[in-house]
file input.tsv (TSV, C-alpha atoms)
chain	number	residue	atom	x	y	z
A	19	MET	CA	0.00	0.00	0.00
A	20	THR	CA	1.07	3.60	-0.59
A	21	GLY	CA	0.40	6.53	1.67
A	22	GLY	CA	-0.73	8.97	-1.03
A	23	THR	CA	-4.24	10.37	-0.95
A	24	VAL	CA	-6.59	9.70	-3.87
A	25	ARG	CA	-9.79	11.72	-4.11
A	26	ILE	CA	-12.87	11.88	-6.32
A	27	ASP	CA	-13.51	15.28	-7.89
A	28	GLY	CA	-16.82	15.02	-9.73
A	29	ASN	CA	-16.19	11.96	-11.93
A	30	SER	CA	-12.41	12.49	-11.97
A	31	LEU	CA	-9.93	10.56	-9.88
A	32	ARG	CA	-7.24	12.85	-8.45
A	33	LEU	CA	-4.03	10.99	-7.64
A	34	PRO	CA	-1.08	12.55	-5.80
A	35	GLY	CA	1.20	14.68	-7.96
A	36	GLY	CA	-1.63	16.39	-9.79
A	37	VAL	CA	-2.73	13.37	-11.87
A	38	ALA	CA	-6.35	13.49	-13.09
A	39	VAL	CA	-8.09	10.49	-14.68
A	40	ARG	CA	-11.62	10.20	-16.05
A	41	PHE	CA	-13.24	7.07	-17.44
A	42	VAL	CA	-15.15	7.95	-20.61
A	43	ARG	CA	-17.94	5.99	-22.29
A	44	THR	CA	-17.48	5.53	-26.01
A	45	LEU	CA	-18.54	3.66	-29.14
A	46	ARG	CA	-17.29	0.11	-29.51
A	47	LEU	CA	-15.34	-0.40	-32.73
A	48	PRO	CA	-15.56	-3.36	-35.09
A	49	GLU	CA	-12.93	-6.02	-34.34
A	50	THR	CA	-11.58	-5.91	-37.89
A	51	GLY	CA	-9.70	-3.05	-39.50
A	52	THR	CA	-8.05	0.00	-37.94
A	53	HIS	CA	-10.19	3.02	-37.09
A	54	ARG	CA	-10.02	6.63	-35.98
A	55	LEU	CA	-10.48	7.66	-32.35
A	56	PRO	CA	-14.12	7.24	-31.32
A	57	PRO	CA	-15.87	10.10	-29.52
A	58	GLY	CA	-16.66	10.45	-25.85
A	59	LEU	CA	-20.26	9.88	-24.76
A	60	GLY	CA	-19.96	11.19	-21.21
A	61	ASP	CA	-18.13	10.06	-18.09
A	62	PHE	CA	-18.69	6.88	-16.15
A	63	PRO	CA	-19.77	7.78	-12.60
A	64	VAL	CA	-17.32	6.71	-9.89
A	65	ARG	CA	-18.04	6.13	-6.20
A	66	ARG	CA	-15.88	5.27	-3.20
A	67	VAL	CA	-16.06	1.64	-2.08
A	68	GLU	CA	-15.94	2.65	1.60
A	69	ASP	CA	-19.12	4.71	1.25
A	70	HIS	CA	-21.06	1.45	0.79
A	71	PRO	CA	-19.68	-0.92	3.46
A	72	ASP	CA	-22.96	-2.80	3.89
A	73	THR	CA	-23.56	-3.55	0.20
A	74	VAL	CA	-20.15	-4.11	-1.43
A	75	PRO	CA	-18.79	-7.67	-1.51
A	76	GLY	CA	-16.07	-8.54	1.00
A	77	ARG	CA	-13.32	-8.83	-1.60
A	78	MET	CA	-14.13	-5.40	-2.98
A	79	ARG	CA	-14.09	-3.97	0.54
A	80	GLU	CA	-10.63	-5.50	1.15
A	81	ARG	CA	-9.18	-3.92	-2.01
A	82	GLY	CA	-10.72	-0.52	-1.40
A	83	GLY	CA	-10.70	2.08	-4.14
A	84	VAL	CA	-13.68	3.04	-6.28
A	85	LEU	CA	-16.32	1.37	-8.43
A	86	LEU	CA	-18.01	2.24	-11.72
A	87	PRO	CA	-20.80	0.59	-13.78
A	88	VAL	CA	-20.19	-0.95	-17.22
A	89	TYR	CA	-22.42	-2.91	-19.59
A	90	LEU	CA	-21.31	-6.18	-21.15
A	91	ARG	CA	-19.13	-5.36	-24.18
A	92	GLU	CA	-19.18	-1.64	-23.41
A	93	ALA	CA	-16.05	0.27	-24.45
A	94	MET	CA	-14.21	2.95	-22.49
A	95	TRP	CA	-11.17	5.20	-22.67
A	96	LEU	CA	-9.10	6.94	-20.02
A	97	HIS	CA	-8.80	10.73	-20.19
A	98	PHE	CA	-5.84	12.45	-18.51
A	99	GLY	CA	-6.74	16.12	-19.09
A	100	GLY	CA	-6.38	18.26	-15.98
A	101	THR	CA	-3.08	16.70	-14.92
A	102	THR	CA	-1.13	19.65	-13.50
A	103	GLU	CA	2.48	18.41	-13.27
A	104	PRO	CA	4.61	15.85	-15.15
A	105	ALA	CA	3.84	12.35	-13.91
A	106	ALA	CA	4.39	8.72	-14.83
A	107	LEU	CA	1.16	6.72	-14.61
A	108	GLN	CA	0.93	2.94	-14.59
A	109	VAL	CA	-2.32	1.51	-15.96
A	110	GLY	CA	-3.17	-2.10	-15.14
A	111	VAL	CA	-6.01	-4.24	-16.49
A	112	GLY	CA	-6.46	-7.13	-14.09
A	113	LYS	CA	-2.94	-6.29	-12.80
A	114	VAL	CA	-1.43	-6.73	-16.29
A	115	CYS	CA	0.29	-3.58	-17.54
A	116	ALA	CA	-1.70	-2.11	-20.44
A	117	VAL	CA	1.51	-0.65	-21.93
A	118	SER	CA	4.06	-3.47	-21.59
A	119	GLY	CA	1.94	-6.60	-21.07
A	120	ARG	CA	4.07	-7.46	-18.03
A	121	PRO	CA	2.76	-8.29	-14.53
A	122	TRP	CA	1.87	-5.36	-12.28
A	123	SER	CA	4.88	-3.78	-10.56
A	124	ASP	CA	5.40	-1.18	-7.84
A	125	ARG	CA	8.39	0.19	-9.78
A	126	LEU	CA	8.71	1.98	-13.08
A	127	GLY	CA	10.43	0.00	-15.83
A	128	ARG	CA	11.95	1.01	-19.13
A	129	ASP	CA	12.71	-2.29	-20.88
A	130	PRO	CA	9.89	-2.42	-21.79
A	131	GLN	CA	8.33	0.86	-20.62
A	132	ASN	CA	5.49	0.09	-18.22
A	133	TYR	CA	3.84	3.51	-17.89
A	134	VAL	CA	2.49	6.49	-19.81
A	135	VAL	CA	3.88	10.01	-19.38
A	136	LEU	CA	1.43	12.75	-18.45
A	137	PRO	CA	0.36	15.21	-19.69
A	138	ARG	CA	1.99	14.30	-23.02
A	139	GLN	CA	-0.27	11.23	-23.24
A	140	PRO	CA	-3.69	12.93	-23.36
A	141	TRP	CA	-5.70	9.68	-23.22
A	142	LEU	CA	-5.45	5.92	-23.48
A	143	ASP	CA	-8.14	3.97	-25.36
A	144	GLY	CA	-6.77	0.45	-25.03
A	145	ILE	CA	-3.78	-1.83	-24.69
A	146	ASN	CA	-0.62	-0.95	-26.58
A	147	SER	CA	-0.49	-2.92	-29.83
A	148	GLY	CA	2.38	-0.88	-31.29
A	149	ASP	CA	2.91	0.64	-34.73
A	150	GLY	CA	0.78	3.63	-33.74
A	151	THR	CA	-2.25	1.59	-32.65
A	152	VAL	CA	-4.05	0.40	-29.54
A	153	ARG	CA	-6.75	-2.27	-29.08
A	154	GLN	CA	-9.89	-0.84	-27.51
A	155	PHE	CA	-10.79	-1.50	-23.85
A	156	VAL	CA	-14.02	-3.56	-23.76
A	157	ALA	CA	-15.77	-4.82	-20.62
A	158	VAL	CA	-16.34	-8.57	-20.17
A	159	PRO	CA	-17.11	-10.77	-17.14
A	160	LEU	CA	-14.41	-12.76	-15.43
A	161	GLY	CA	-14.48	-16.53	-15.82
A	162	MET	CA	-14.62	-16.81	-19.61
A	163	GLY	CA	-10.95	-16.22	-20.33
A	164	ALA	CA	-11.76	-13.21	-22.53
A	165	THR	CA	-10.00	-10.58	-20.41
A	166	VAL	CA	-6.46	-9.39	-21.03
A	167	GLU	CA	-5.66	-10.79	-17.59
A	168	GLY	CA	-7.00	-14.23	-18.48
A	169	GLN	CA	-5.18	-14.43	-21.80
A	170	VAL	CA	-1.83	-13.17	-20.49
A	171	THR	CA	-1.69	-14.94	-17.10
A	172	GLY	CA	-4.01	-17.93	-17.60
A	173	GLU	CA	-6.06	-16.82	-14.56
A	174	GLU	CA	-8.77	-14.28	-13.83
A	175	VAL	CA	-8.28	-13.16	-10.25
A	176	TRP	CA	-8.28	-9.37	-10.12
A	177	GLY	CA	-10.39	-7.82	-12.86
A	178	GLY	CA	-10.94	-4.07	-12.85
A	179	VAL	CA	-8.40	-1.34	-13.57
A	180	GLN	CA	-5.40	-0.36	-11.46
A	181	LEU	CA	-3.74	3.08	-11.48
A	182	GLN	CA	-0.46	4.08	-9.83
A	183	SER	CA	1.24	7.50	-10.13
A	184	PHE	CA	4.90	8.51	-9.83
A	185	PRO	CA	5.93	12.19	-9.64
A	186	LEU	CA	9.24	13.65	-10.71
A	187	ARG	CA	11.99	13.55	-8.08
A	188	GLU	CA	12.06	16.69	-5.94
A	189	GLU	CA	15.05	18.28	-7.68
A	190	ARG	CA	13.64	17.56	-11.15
A	191	LEU	CA	10.23	18.90	-10.17
A	192	ALA	CA	11.88	22.07	-8.83
A	193	GLU	CA	13.66	22.49	-12.17
A	194	TRP	CA	10.36	22.05	-13.99
A	195	HIS	CA	8.68	24.71	-11.83
A	196	ARG	CA	11.54	27.15	-12.50
A	197	ALA	CA	11.14	26.56	-16.23
A	198	GLN	CA	7.38	27.18	-15.95
A	199	ARG	CA	7.99	30.51	-14.20
A	200	VAL	CA	10.31	31.57	-17.03
A	201	LEU	CA	7.64	30.59	-19.57
A	202	ALA	CA	5.04	32.52	-17.57
A	203	ARG	CA	7.13	35.71	-17.62
A	204	GLY	CA	7.63	35.32	-21.38
A	205	ALA	CA	3.93	34.74	-21.89
A	206	ARG	CA	3.01	37.91	-20.01
A	207	GLY	CA	5.46	39.86	-22.17
A	208	THR	CA	4.13	38.53	-25.47
A	209	HIS	CA	0.47	37.98	-24.59
A	210	SER	CA	0.86	34.36	-25.71
A	211	MET	CA	-0.79	31.41	-24.03
A	212	LEU	CA	1.14	29.77	-21.20
A	213	PRO	CA	1.69	26.04	-21.73
A	214	GLN	CA	0.40	23.89	-18.91
A	215	GLY	CA	2.02	20.64	-17.79
A	216	GLY	CA	5.40	19.20	-18.66
A	217	TYR	CA	4.93	19.21	-22.44
A	218	GLY	CA	2.43	22.04	-22.87
A	219	ALA	CA	-1.30	21.85	-22.73
A	220	ALA	CA	-2.97	18.58	-23.57
A	221	PRO	CA	-5.55	18.97	-26.35
A	222	PRO	CA	-9.22	18.99	-25.47
A	223	ALA	CA	-10.89	15.66	-24.85
A	224	PRO	CA	-12.46	14.07	-27.91
A	225	GLY	CA	-15.99	15.30	-27.48
A	226	ALA	CA	-17.52	14.00	-24.31
A	227	VAL	CA	-20.56	14.57	-26.50
A	228	ALA	CA	-23.79	12.77	-25.67
A	229	LEU	CA	-26.49	11.90	-28.15
A	230	PRO	CA	-29.97	13.01	-27.14
A	231	SER	CA	-31.57	10.03	-25.45
A	232	ALA	CA	-34.96	9.59	-23.89
A	233	SER	CA	-33.44	7.17	-21.40
A	234	ALA	CA	-30.81	9.64	-20.16
A	235	ALA	CA	-31.71	11.60	-17.07
A	236	PRO	CA	-31.45	15.43	-17.34
A	237	GLY	CA	-27.82	16.50	-16.97
A	238	GLY	CA	-26.76	12.87	-16.87
A	239	ALA	CA	-27.83	12.57	-13.23
A	240	PRO	CA	-28.94	9.03	-12.35
A	241	ALA	CA	-32.06	8.27	-10.38
A	242	ARG	CA	-32.04	6.57	-6.94
A	243	ALA	CA	-33.09	3.07	-5.95
A	244	GLY	CA	-32.75	0.61	-3.07
A	245	ALA	CA	-30.14	-2.13	-2.51
A	246	ALA	CA	-29.69	-5.50	-0.80
A	247	PRO	CA	-26.35	-7.24	-0.10
A	248	ARG	CA	-25.13	-10.27	-2.03
A	249	ALA	CA	-22.07	-11.39	-4.01
A	250	ALA	CA	-21.16	-9.31	-7.08
A	251	ALA	CA	-20.29	-10.53	-10.57
A	252	ALA	CA	-16.74	-9.36	-11.27
A	253	MET	CA	-15.90	-7.59	-14.52
A	254	GLY	CA	-12.61	-7.02	-16.32
A	255	LEU	CA	-11.31	-5.59	-19.57
A	256	GLY	CA	-10.78	-7.47	-22.80
A	257	VAL	CA	-9.97	-5.92	-26.16
A	258	GLY	CA	-12.01	-4.91	-29.17
A	259	GLY	CA	-11.12	-3.16	-32.39
A	260	SER	CA	-7.88	-1.44	-33.34
A	261	MET	CA	-7.53	2.33	-33.62
A	262	ARG	CA	-4.84	4.79	-34.57
A	263	GLN	CA	-3.33	6.02	-31.31
A	264	GLU	CA	0.29	6.22	-30.21
A	265	VAL	CA	1.54	5.29	-26.75
A	266	TYR	CA	4.41	7.70	-26.33
A	267	GLU	CA	7.94	6.78	-25.36
A	268	ASP	CA	9.32	8.63	-22.33
A	269	ASP	CA	12.08	11.06	-23.31
A	270	ARG	CA	13.25	11.60	-19.72
A	271	PRO	CA	15.88	9.43	-17.99
A	272	LEU	CA	14.23	6.85	-15.73
A	273	GLY	CA	16.14	8.35	-12.81
A	274	ASP	CA	14.13	11.58	-13.11
A	275	TRP	CA	11.11	9.82	-11.63
A	276	ALA	CA	10.52	8.98	-7.97
A	277	GLU	CA	11.37	5.41	-7.01
A	278	GLU	CA	8.21	4.98	-4.93
A	279	PRO	CA	4.64	5.58	-6.15
A	280	ALA	CA	2.89	8.62	-4.71
A	281	GLY	CA	-0.54	7.01	-4.82
A	282	ARG	CA	-2.59	4.21	-6.28
A	283	VAL	CA	-6.22	3.17	-6.65
A	284	PHE	CA	-8.13	0.02	-7.55
A	285	VAL	CA	-11.05	0.68	-9.91
A	286	HIS	CA	-13.72	-2.04	-9.67
A	287	LEU	CA	-15.96	-2.63	-12.68
A	288	VAL	CA	-19.48	-3.77	-11.83
A	289	THR	CA	-22.54	-4.62	-13.91
A	290	PRO	CA	-25.42	-2.09	-13.98
A	291	PRO	CA	-27.64	-4.28	-11.72
A	292	GLU	CA	-24.77	-4.54	-9.20
A	293	TRP	CA	-24.24	-0.79	-9.36
A	294	ARG	CA	-27.89	-0.21	-8.49
A	295	ARG	CA	-27.76	-2.76	-5.69
A	296	ILE	CA	-24.54	-1.40	-4.17
A	297	THR	CA	-25.03	2.35	-4.54
A	298	GLY	CA	-28.79	2.71	-4.75
A	299	GLU	CA	-28.37	4.71	-7.96
A	300	ALA	CA	-29.63	3.99	-11.44
A	301	PRO	CA	-26.80	3.15	-13.88
A	302	PRO	CA	-26.23	5.25	-17.01
A	303	PRO	CA	-28.37	4.42	-20.05
A	304	SER	CA	-27.13	1.68	-22.35
A	305	PRO	CA	-24.45	2.65	-24.89
A	306	VAL	CA	-25.50	4.57	-28.01
A	307	ASP	CA	-25.92	2.67	-31.30
A	308	ARG	CA	-22.89	3.29	-33.54
A	309	ALA	CA	-24.78	3.78	-36.79
A	310	ALA	CA	-27.12	6.28	-35.14
A	311	TYR	CA	-24.15	8.26	-33.89
A	312	THR	CA	-22.55	8.42	-37.33
A	313	ARG	CA	-25.84	9.33	-39.01
A	314	ALA	CA	-26.18	12.22	-36.56
A	315	GLY	CA	-22.97	13.70	-37.98
A	316	LEU	CA	-21.12	13.85	-34.63
A	317	PRO	CA	-17.31	13.91	-34.65
A	318	TRP	CA	-14.52	11.35	-34.71
A	319	PHE	CA	-10.89	12.28	-34.06
A	320	ASP	CA	-7.30	11.98	-35.26
A	321	TYR	CA	-4.44	12.92	-32.91
A	322	TYR	CA	-0.76	13.13	-33.74
A	323	ASP	CA	2.27	14.49	-31.86
A	324	GLN	CA	5.15	14.95	-34.28
A	325	ASP	CA	7.69	15.43	-31.45
A	326	ALA	CA	6.93	12.14	-29.67
A	327	ASP	CA	7.99	8.57	-30.44
A	328	ASP	CA	5.57	5.66	-30.36
A	329	LEU	CA	6.42	2.63	-28.21
A	330	ALA	CA	7.13	-0.60	-30.03
A	331	PRO	CA	4.57	-3.41	-29.74
A	332	THR	CA	4.99	-6.13	-27.14
A	333	GLY	CA	4.65	-9.80	-28.03
A	334	THR	CA	2.47	-10.42	-24.98
A	335	LEU	CA	-0.20	-7.84	-25.75
A	336	GLY	CA	-0.01	-8.46	-29.49
A	337	ALA	CA	-1.27	-12.00	-28.94
A	338	VAL	CA	-4.42	-10.94	-27.02
A	339	LYS	CA	-7.57	-11.92	-28.96
A	340	PRO	CA	-10.71	-9.76	-29.19
A	341	VAL	CA	-13.75	-10.43	-27.01
A	342	GLY	CA	-15.74	-11.54	-30.05
A	343	ASP	CA	-13.76	-14.78	-30.04
A	344	TRP	CA	-15.46	-15.63	-26.72
A	345	LEU	CA	-18.80	-13.83	-26.97
A	346	GLY	CA	-19.56	-14.45	-30.63
A	347	ASP	CA	-19.82	-12.15	-33.62
A	348	ASP	CA	-21.07	-8.62	-33.28
A	349	HIS	CA	-24.04	-8.21	-35.59
A	350	GLU	CA	-24.54	-4.51	-34.93
A	351	PRO	CA	-24.19	-2.72	-38.29
A	352	TRP	CA	-21.12	-0.55	-38.78
A	353	GLN	CA	-21.25	2.74	-40.64
A	354	GLU	CA	-17.98	4.50	-41.46
A	355	PRO	CA	-17.84	8.22	-40.60
A	356	SER	CA	-17.59	10.66	-43.47
A	357	GLU	CA	-14.40	12.71	-43.80
A	358	HIS	CA	-16.03	15.95	-42.58
A	359	GLN	CA	-16.83	14.23	-39.25
A	360	VAL	CA	-13.16	13.53	-38.47
A	361	LYS	CA	-11.54	16.30	-36.39
A	362	PRO	CA	-7.72	16.60	-36.22
A	363	LEU	CA	-6.44	17.27	-32.68
A	364	GLY	CA	-3.19	18.70	-31.50
A	365	ASP	CA	0.32	18.66	-32.84
A	366	ALA	CA	-9.71	18.28	-5.64
A	367	PRO	CA	-12.26	18.39	-3.29
A	368	GLY	CA	-13.94	15.29	-1.83
A	369	GLU	CA	-13.08	12.63	0.72
A	370	PRO	CA	-9.92	10.49	0.30
A	371	VAL	CA	-10.39	7.17	-1.50
A	372	GLY	CA	-9.35	4.28	0.74
A	373	ASP	CA	-6.69	1.89	-0.52
A	374	GLY	CA	-6.69	-1.81	0.34
A	375	ASP	CA	-4.79	-5.05	-0.08
A	376	TRP	CA	-4.09	-5.83	-3.74

call {"tool": "encode", "arguments": {"input": "input.tsv", "output": "structure tokens"}}
result
Amino acid sequence: MTGGTVRIDGNSLRLPGGVAVRFVRTLRLPETGTHRLPPGLGDFPVRRVEDHPDTVPGRMRERGGVLLPVYLREAMWLHFGGTTEPAALQVGVGKVCAVSGRPWSDRLGRDPQNYVVLPRQPWLDGINSGDGTVRQFVAVPLGMGATVEGQVTGEEVWGGVQLQSFPLREERLAEWHRAQRVLARGARGTHSMLPQGGYGAAPPAPGAVALPSASAAPGGAPARAGAAPRAAAAMGLGVGGSMRQEVYEDDRPLGDWAEEPAGRVFVHLVTPPEWRRITGEAPPPSPVDRAAYTRAGLPWFDYYDQDADDLAPTGTLGAVKPVGDWLGDDHEPWQEPSEHQVKPLGDAPGEPVGDGDW
């Protein structure tokens, strides 16, 4: 366990060192071909496990952290906008590193790199498949072997998502702050915009646009309902379609980062019925139909950073098969977006989240 404080700020997780992470609902891509970045359809709600001690399962209570509701085969991406200082963030799916494919570690590694660098990495939509692509995060139940965890380790024990943040070492962070002050003075003199974060401002999130839906509550606020304790069905992340997205190589020496993590959090994925039972809240409406979204003319995205290098693929993650191999073919019709829909992007209040034993 680490001693750093993690908090919920709205639907964002705030980890020590200024790291901000949101979990964003999105369209699930076909499992064939390589596609552009799908849009955001609003945030997943997140709640502290310890706020529901009488309704969460014992294992979830032991691991602490937060929970969020996902539908079977629903896709998500992680948004890192709002991160205020340079940070190295490890992302685990069932305690398998989503960047390197290696087992979860409490140390940063460079051969292969087992973290993303914030705020240069504005978001992460899936596991690193190299060559400028990732394979989309898609929710599946444990026990089928469809998760990344099951395919890489041969077991499905953990599920969920794990996050762990590492700040710059004190002297390096002090140097970064001095450089930011110099930039700020220059910006005041030239009336230019001050870059934020270690590599300048991250671009805006892709959309977070919601289709009008009769089933969505006004403002996205869920309704309330009762709950009764019982065991929960655990969920994890498998992979879906491929999309064009780079996972950037760190251009700092590994020694610039702290040796110990500043904070960590276990993110439990639960089914919508379990969410209602545990929290007493209605889950979000079911995901939006892909063809309807495209017909509505809403945007898709391309993002490219010409100054960053993409990480090479790993053999471990490259061998992970899509969830359709376990759940059967997806018969939902696919409609390609037109070119005018594709948008090019870019060249802490609340109670602490309790950590547990994982």

call {"tool": "atom_distance", "arguments": {"input": "input.tsv", "atom1": "atom CA of A:Thr73", "atom2": "atom CA of A:Asn29"}}
result
21.0 Å

call {"tool": "closest_atom_pairs", "arguments": {"input": "input.tsv", "of": "stretch 98-184 of chain A", "to": "stretch 252-269 of chain A", "cutoff": "7 Å", "atoms": "all atoms listed in the file", "output": "JSON lines"}}
result
{"residue": "A:Val111", "atom": "CA", "partner": "A:Leu255", "partner_atom": "CA", "distance": 6.3}
{"residue": "A:Gly112", "atom": "CA", "partner": "A:Gly254", "partner_atom": "CA", "distance": 6.5}
{"residue": "A:Val134", "atom": "CA", "partner": "A:Tyr266", "partner_atom": "CA", "distance": 6.9}
{"residue": "A:Val135", "atom": "CA", "partner": "A:Asp268", "partner_atom": "CA", "distance": 6.3}
{"residue": "A:Gln139", "atom": "CA", "partner": "A:Tyr266", "partner_atom": "CA", "distance": 6.6}
{"residue": "A:Asn146", "atom": "CA", "partner": "A:Val265", "partner_atom": "CA", "distance": 6.6}
{"residue": "A:Gly150", "atom": "CA", "partner": "A:Glu264", "partner_atom": "CA", "distance": 4.4}
{"residue": "A:Thr151", "atom": "CA", "partner": "A:Arg262", "partner_atom": "CA", "distance": 4.5}
{"residue": "A:Val152", "atom": "CA", "partner": "A:Met261", "partner_atom": "CA", "distance": 5.7}
{"residue": "A:Arg153", "atom": "CA", "partner": "A:Ser260", "partner_atom": "CA", "distance": 4.5}
{"residue": "A:Gln154", "atom": "CA", "partner": "A:Gly258", "partner_atom": "CA", "distance": 4.9}
{"residue": "A:Phe155", "atom": "CA", "partner": "A:Val257", "partner_atom": "CA", "distance": 5.1}
{"residue": "A:Val156", "atom": "CA", "partner": "A:Gly256", "partner_atom": "CA", "distance": 5.2}
{"residue": "A:Ala157", "atom": "CA", "partner": "A:Leu255", "partner_atom": "CA", "distance": 4.6}
{"residue": "A:Val158", "atom": "CA", "partner": "A:Gly254", "partner_atom": "CA", "distance": 5.6}
{"residue": "A:Pro159", "atom": "CA", "partner": "A:Met253", "partner_atom": "CA", "distance": 4.3}
{"residue": "A:Leu160", "atom": "CA", "partner": "A:Met253", "partner_atom": "CA", "distance": 5.5}
{"residue": "A:Ala164", "atom": "CA", "partner": "A:Gly256", "partner_atom": "CA", "distance": 5.8}
{"residue": "A:Thr165", "atom": "CA", "partner": "A:Gly256", "partner_atom": "CA", "distance": 4.0}
{"residue": "A:Val166", "atom": "CA", "partner": "A:Gly256", "partner_atom": "CA", "distance": 5.0}
{"residue": "A:Gly177", "atom": "CA", "partner": "A:Gly254", "partner_atom": "CA", "distance": 4.2}
{"residue": "A:Gly178", "atom": "CA", "partner": "A:Gly254", "partner_atom": "CA", "distance": 4.9}

call {"tool": "closest_residue", "arguments": {"input": "input.tsv", "among": "A:Gly273, A:Lys339, A:Thr289, A:Glu369", "to": "A:Gly168", "atoms": "all atoms listed in the file"}}
result
A:Lys339

call {"tool": "closest_residue", "arguments": {"input": "input.tsv", "among": "A:Gly76, A:Pro279, A:Pro140, A:Pro291", "to": "A:Gly99", "atoms": "all atoms listed in the file"}}
result
A:Pro140

call {"tool": "atom_distance", "arguments": {"input": "input.tsv", "atom1": "atom CA of A:Arg120", "atom2": "atom CA of A:Gly36"}}
result
25.9 Å

call {"tool": "closest_residue", "arguments": {"input": "input.tsv", "among": "A:Ser123, A:Pro56, A:Leu191, A:Pro290", "to": "A:Pro303", "atoms": "all atoms listed in the file"}}
result
A:Pro290

call {"tool": "atom_distance", "arguments": {"input": "input.tsv", "atom1": "atom CA of A:Ala300", "atom2": "atom CA of A:Pro75"}}
result
18.8 Å

call {"tool": "closest_residue", "arguments": {"input": "input.tsv", "among": "A:Pro301, A:Gly100, A:Gly281, A:Gly35", "to": "A:Pro370", "atoms": "only C-alpha atoms"}}
result
A:Gly281

call {"tool": "axis_aligned_box", "arguments": {"input": "input.tsv", "around": "stretch 104-123 of chain A", "padding_each_side": "8 Å", "output": "JSON"}}
result
{"center_x": -0.8, "center_y": 3.8, "center_z": -16.2, "size_x": 27.3, "size_y": 40.1, "size_z": 27.4}

call {"tool": "closest_residue", "arguments": {"input": "input.tsv", "among": "A:Leu86, A:Ala276, A:Ala105, A:Val285", "to": "A:Gln180", "atoms": "only C-alpha atoms"}}
result
A:Val285

call {"tool": "residues_around", "arguments": {"input": "input.tsv", "residues": "A:Thr44", "least_positions_apart": "5", "cutoff": "8 Å", "atoms": "all atoms listed in the file", "output": "tab-separated table (two decimals) with C-alpha atoms, in the frame of the given file"}}
result
chain	number	residue	atom	x	y	z
A	56	PRO	CA	-14.12	7.24	-31.32
A	57	PRO	CA	-15.87	10.10	-29.52
A	58	GLY	CA	-16.66	10.45	-25.85
A	59	LEU	CA	-20.26	9.88	-24.76
A	60	GLY	CA	-19.96	11.19	-21.21
A	92	GLU	CA	-19.18	-1.64	-23.41
A	93	ALA	CA	-16.05	0.27	-24.45
A	94	MET	CA	-14.21	2.95	-22.49
A	95	TRP	CA	-11.17	5.20	-22.67
A	305	PRO	CA	-24.45	2.65	-24.89

call {"tool": "build_atoms", "arguments": {"input": "input.tsv", "residues": "stretch 28-37 of chain A", "atoms": "N, CA, C and O atoms", "output": "mmCIF file, in the frame of the given file"}}
result
data_model
loop_
_atom_site.group_PDB
_atom_site.id
_atom_site.type_symbol
_atom_site.label_atom_id
_atom_site.label_comp_id
_atom_site.auth_asym_id
_atom_site.auth_seq_id
_atom_site.Cartn_x
_atom_site.Cartn_y
_atom_site.Cartn_z
ATOM 1 N N GLY A 28 -15.791 15.268 -8.715
ATOM 2 C CA GLY A 28 -16.820 15.020 -9.730
ATOM 3 C C GLY A 28 -16.721 13.566 -10.163
ATOM 4 O O GLY A 28 -16.872 12.654 -9.350
ATOM 5 N N ASN A 29 -16.432 13.320 -11.437
ATOM 6 C CA ASN A 29 -16.190 11.960 -11.930
ATOM 7 C C ASN A 29 -14.714 11.728 -12.232
ATOM 8 O O ASN A 29 -14.373 10.742 -12.886
ATOM 9 N N SER A 30 -13.850 12.645 -11.782
ATOM 10 C CA SER A 30 -12.410 12.490 -11.970
ATOM 11 C C SER A 30 -11.774 11.876 -10.732
ATOM 12 O O SER A 30 -12.179 12.180 -9.604
ATOM 13 N N LEU A 31 -10.778 11.030 -10.963
ATOM 14 C CA LEU A 31 -9.930 10.560 -9.880
ATOM 15 C C LEU A 31 -8.709 11.466 -9.825
ATOM 16 O O LEU A 31 -8.039 11.678 -10.842
ATOM 17 N N ARG A 32 -8.413 11.999 -8.653
ATOM 18 C CA ARG A 32 -7.240 12.850 -8.450
ATOM 19 C C ARG A 32 -6.224 12.059 -7.636
ATOM 20 O O ARG A 32 -6.432 11.787 -6.460
ATOM 21 N N LEU A 33 -5.109 11.693 -8.301
ATOM 22 C CA LEU A 33 -4.030 10.990 -7.640
ATOM 23 C C LEU A 33 -2.955 11.981 -7.223
ATOM 24 O O LEU A 33 -2.859 13.073 -7.801
ATOM 25 N N PRO A 34 -2.137 11.640 -6.234
ATOM 26 C CA PRO A 34 -1.080 12.550 -5.800
ATOM 27 C C PRO A 34 -0.168 12.944 -6.959
ATOM 28 O O PRO A 34 0.068 12.164 -7.876
ATOM 29 N N GLY A 35 0.347 14.177 -6.896
ATOM 30 C CA GLY A 35 1.200 14.680 -7.960
ATOM 31 C C GLY A 35 0.435 15.371 -9.053
ATOM 32 O O GLY A 35 0.984 15.681 -10.106
ATOM 33 N N GLY A 36 -0.854 15.637 -8.813
ATOM 34 C CA GLY A 36 -1.630 16.390 -9.790
ATOM 35 C C GLY A 36 -2.216 15.575 -10.925
ATOM 36 O O GLY A 36 -2.689 16.129 -11.914
ATOM 37 N N VAL A 37 -2.206 14.230 -10.817
ATOM 38 C CA VAL A 37 -2.730 13.370 -11.870
ATOM 39 C C VAL A 37 -4.262 13.352 -11.818
ATOM 40 O O VAL A 37 -4.853 13.160 -10.756
#
